[in-house]
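Heads up, the thing below is written out as structure tokens.
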Amino acid sequence: MNAPLLLRDCVPEDSDAVAALWTACGLVVPWNDPFADIALALSKPNATILLGTLDGRIVASAMAGQEGHRGWIYYVAVDPAQQGHGYGRRMVEAAEAWLREAGMPKVQLLVRETNQRVLAFYETLGYARSPATMMQKWLTKPSP
């Protein structure tokens, strides 16, 4: 039987543990400073980072945010040693609930081309590939 995953909101003091989790899961890239991403999400009323804990230790996360038209989910992570127990599903469902409560009728997420193995996971949760092209422009050039 799996240990119960307890959910809670992230606080600034969790930054080191959350950044370490994201790094262990291969979600950190040079152009996204995880500490800056955590600080930004925690500073805005339209975003949150939800954490899953086992015995007080952070083992899972999901960042959720909304821009007034749709919700977004980022940084879904489960400690590699804890994967396969349904914790990823639980984090996505918690993020969806947060967005539903914020009044968002639709949720979207992005999957980097380097993380294709996660597509099947999201498809089992009802997500489908979107016929859209994402474009981007840096307003603040990231540090190398």
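A note on labels: chains of the structure tokens are A, B, ... as shown, every chain counts residues from 1, and ligands are counted from 1 in their shown order.
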If we count only C-alpha atoms, what is near Leu42 in chain A at a cut-off of 9 Å, once residues fewer than 4 positions away on the same chain are taken out, given as an NGL selection string?
:A and (10-12 or 37-38 or 47-49)
Chain A: residues DSSP assigns to strand (DSSP E), reported as number ranges by chain
A: 6-9, 47-54, 57-66, 71-78, 107-109
Residue contacts of Trp138 in chain A (12 Å, only C-alpha atoms) excluding same-chain residues fewer than 5 positions away, as a CSV table (one decimal) with N, CA and C atoms, in the first residue's frame:
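Once everything was written out, this is result.csv:
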chain,number,residue,atom,x,y,z
A,31,TRP,N,18.0,28.3,-19.2
A,31,TRP,CA,17.3,29.5,-19.4
A,31,TRP,C,16.1,29.8,-18.4
A,32,ASN,N,15.8,28.8,-17.6
A,32,ASN,CA,14.8,29.0,-16.5
A,32,ASN,C,15.4,28.7,-15.2
A,143,SER,N,19.7,34.7,-18.1
A,143,SER,CA,21.2,34.6,-17.8
A,143,SER,C,21.6,33.2,-18.4
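Closest to Leu5 in chain A among A:Gly65, A:Gly26, A:Pro45, A:Gly86 is A:Gly86, based on only C-alpha atoms.
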Can you measure CA of Ala128 in chain A to CA of Gln108 in chain A for me? One decimal in Å is fine.
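A separation of 9.6 Å between them.
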With only C-alpha atoms as the counted atoms, please give the residues lying no more than 10 Å from Ala3 in chain A, apart from itself and same-chain residues fewer than 2 positions off, as a PDB file with N, CA, C and O atoms, in the first residue's frame.
ATOM      1  N   MET A   1       0.842  -1.179   0.000  1.00  0.00           N
ATOM      2  CA  MET A   1       0.000   0.000   0.000  1.00  0.00           C
ATOM      3  C   MET A   1       0.888   1.244   0.000  1.00  0.00           C
ATOM      4  O   MET A   1       1.883   1.306   0.703  1.00  0.00           O
ATOM      5  N   LEU A   5      -0.038  10.612   0.281  1.00  0.00           N
ATOM      6  CA  LEU A   5       0.606  11.841  -0.151  1.00  0.00           C
ATOM      7  C   LEU A   5      -0.199  12.997   0.400  1.00  0.00           C
ATOM      8  O   LEU A   5      -1.387  13.125   0.103  1.00  0.00           O
ATOM      9  N   LEU A   6       0.426  13.820   1.221  1.00  0.00           N
ATOM     10  CA  LEU A   6      -0.249  14.988   1.771  1.00  0.00           C
ATOM     11  C   LEU A   6       0.056  16.188   0.904  1.00  0.00           C
ATOM     12  O   LEU A   6       1.203  16.407   0.510  1.00  0.00           O
ATOM     13  N   THR A  53       3.794  15.758  -0.089  1.00  0.00           N
ATOM     14  CA  THR A  53       4.803  15.357   0.892  1.00  0.00           C
ATOM     15  C   THR A  53       4.512  13.955   1.431  1.00  0.00           C
ATOM     16  O   THR A  53       3.363  13.537   1.533  1.00  0.00           O
ATOM     17  N   LEU A  54       5.598  13.265   1.756  1.00  0.00           N
ATOM     18  CA  LEU A  54       5.544  11.980   2.445  1.00  0.00           C
ATOM     19  C   LEU A  54       6.393  12.120   3.692  1.00  0.00           C
ATOM     20  O   LEU A  54       7.571  12.479   3.602  1.00  0.00           O
ATOM     21  N   ASP A  55       5.817  11.889   4.833  1.00  0.00           N
ATOM     22  CA  ASP A  55       6.538  12.026   6.104  1.00  0.00           C
ATOM     23  C   ASP A  55       7.253  13.373   6.194  1.00  0.00           C
ATOM     24  O   ASP A  55       8.389  13.459   6.652  1.00  0.00           O
ATOM     25  N   HIS A  85       3.492   5.495  -8.302  1.00  0.00           N
ATOM     26  CA  HIS A  85       2.532   5.305  -7.206  1.00  0.00           C
ATOM     27  C   HIS A  85       1.279   6.169  -7.348  1.00  0.00           C
ATOM     28  O   HIS A  85       0.481   6.245  -6.420  1.00  0.00           O
TER      29      HIS A  85
END
Between CA of Ser130 in chain A and CA of Gly52 in chain A - distance in Å to one decimal
28.3 Å
Using only C-alpha atoms: which of A:Ala81, A:Met134, A:Ile73, A:Val59 has the shortest distance to Lys106 in chain A
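For Lys106 in chain A, the nearest of the given residues is A:Ile73.
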As a ChimeraX atom specification, list the residues of chain A assigned to alpha helix (DSSP H) by DSSP on the backbone atoms of this structure.
/A:15-24,34-42,87-101,119-124
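Nearest-residue note for Val107 in chain A: choosing from A:Ala20, A:Val78, A:Leu139, A:Ala64, the minimum distance belongs to A:Ala64, counting only C-alpha atoms.
The protein and nucleic acid residues lying at most 12 Å from Val118 in chain A are Cys25, Gly26, Leu27, Val76, Ala77, Val78, Gly88, Arg89, Leu109, Leu110, Val111, Arg112, Glu113, Thr114, Asn115, Phe121, Tyr122, Glu123, Thr124, Leu125 and Tyr127 of chain A, with only C-alpha atoms considered and sequence neighbours fewer than 3 positions away removed.
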Once you have the residues from the selection above, write them out as an mmCIF file, in the first residue's frame, restricted to C-alpha atoms.
data_model
loop_
_atom_site.group_PDB
_atom_site.id
_atom_site.type_symbol
_atom_site.label_atom_id
_atom_site.label_comp_id
_atom_site.auth_asym_id
_atom_site.auth_seq_id
_atom_site.Cartn_x
_atom_site.Cartn_y
_atom_site.Cartn_z
ATOM 1 C CA CYS A 25 13.300 15.143 -12.517
ATOM 2 C CA GLY A 26 15.153 16.812 -15.400
ATOM 3 C CA LEU A 27 12.848 19.830 -15.530
ATOM 4 C CA VAL A 76 4.764 18.516 -12.523
ATOM 5 C CA ALA A 77 7.445 16.500 -10.773
ATOM 6 C CA VAL A 78 7.635 13.335 -8.705
ATOM 7 C CA GLY A 88 1.880 12.542 -10.532
ATOM 8 C CA ARG A 89 -1.810 11.998 -11.239
ATOM 9 C CA LEU A 109 0.411 22.531 -20.416
ATOM 10 C CA LEU A 110 3.591 22.495 -22.443
ATOM 11 C CA VAL A 111 5.892 19.521 -22.891
ATOM 12 C CA ARG A 112 9.432 20.187 -24.046
ATOM 13 C CA GLU A 113 10.579 18.215 -27.062
ATOM 14 C CA THR A 114 13.288 16.749 -24.833
ATOM 15 C CA ASN A 115 10.636 15.252 -22.509
ATOM 16 C CA PHE A 121 1.245 10.006 -18.881
ATOM 17 C CA TYR A 122 -0.695 13.150 -19.798
ATOM 18 C CA GLU A 123 -2.756 11.278 -22.387
ATOM 19 C CA THR A 124 -3.937 8.846 -19.665
ATOM 20 C CA LEU A 125 -5.176 11.919 -17.756
ATOM 21 C CA TYR A 127 -4.871 15.594 -22.263
#
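Across A:Met104, A:Phe35, A:Thr23, A:Asp9, the tightest approach to Ala62 in chain A is made by A:Asp9 when counting only C-alpha atoms.
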Quick one, how far is CA of Ala17 in chain A from CA of Met91 in chain A?
16.6 Å
Write out as a PyMOL selection string which residues come within 10 Å of Ala102 in chain A when counting only C-alpha atoms, dropping same-chain ones fewer than 5 positions away.
chain A and resi 46-47+65-66+68+70-71+96-97
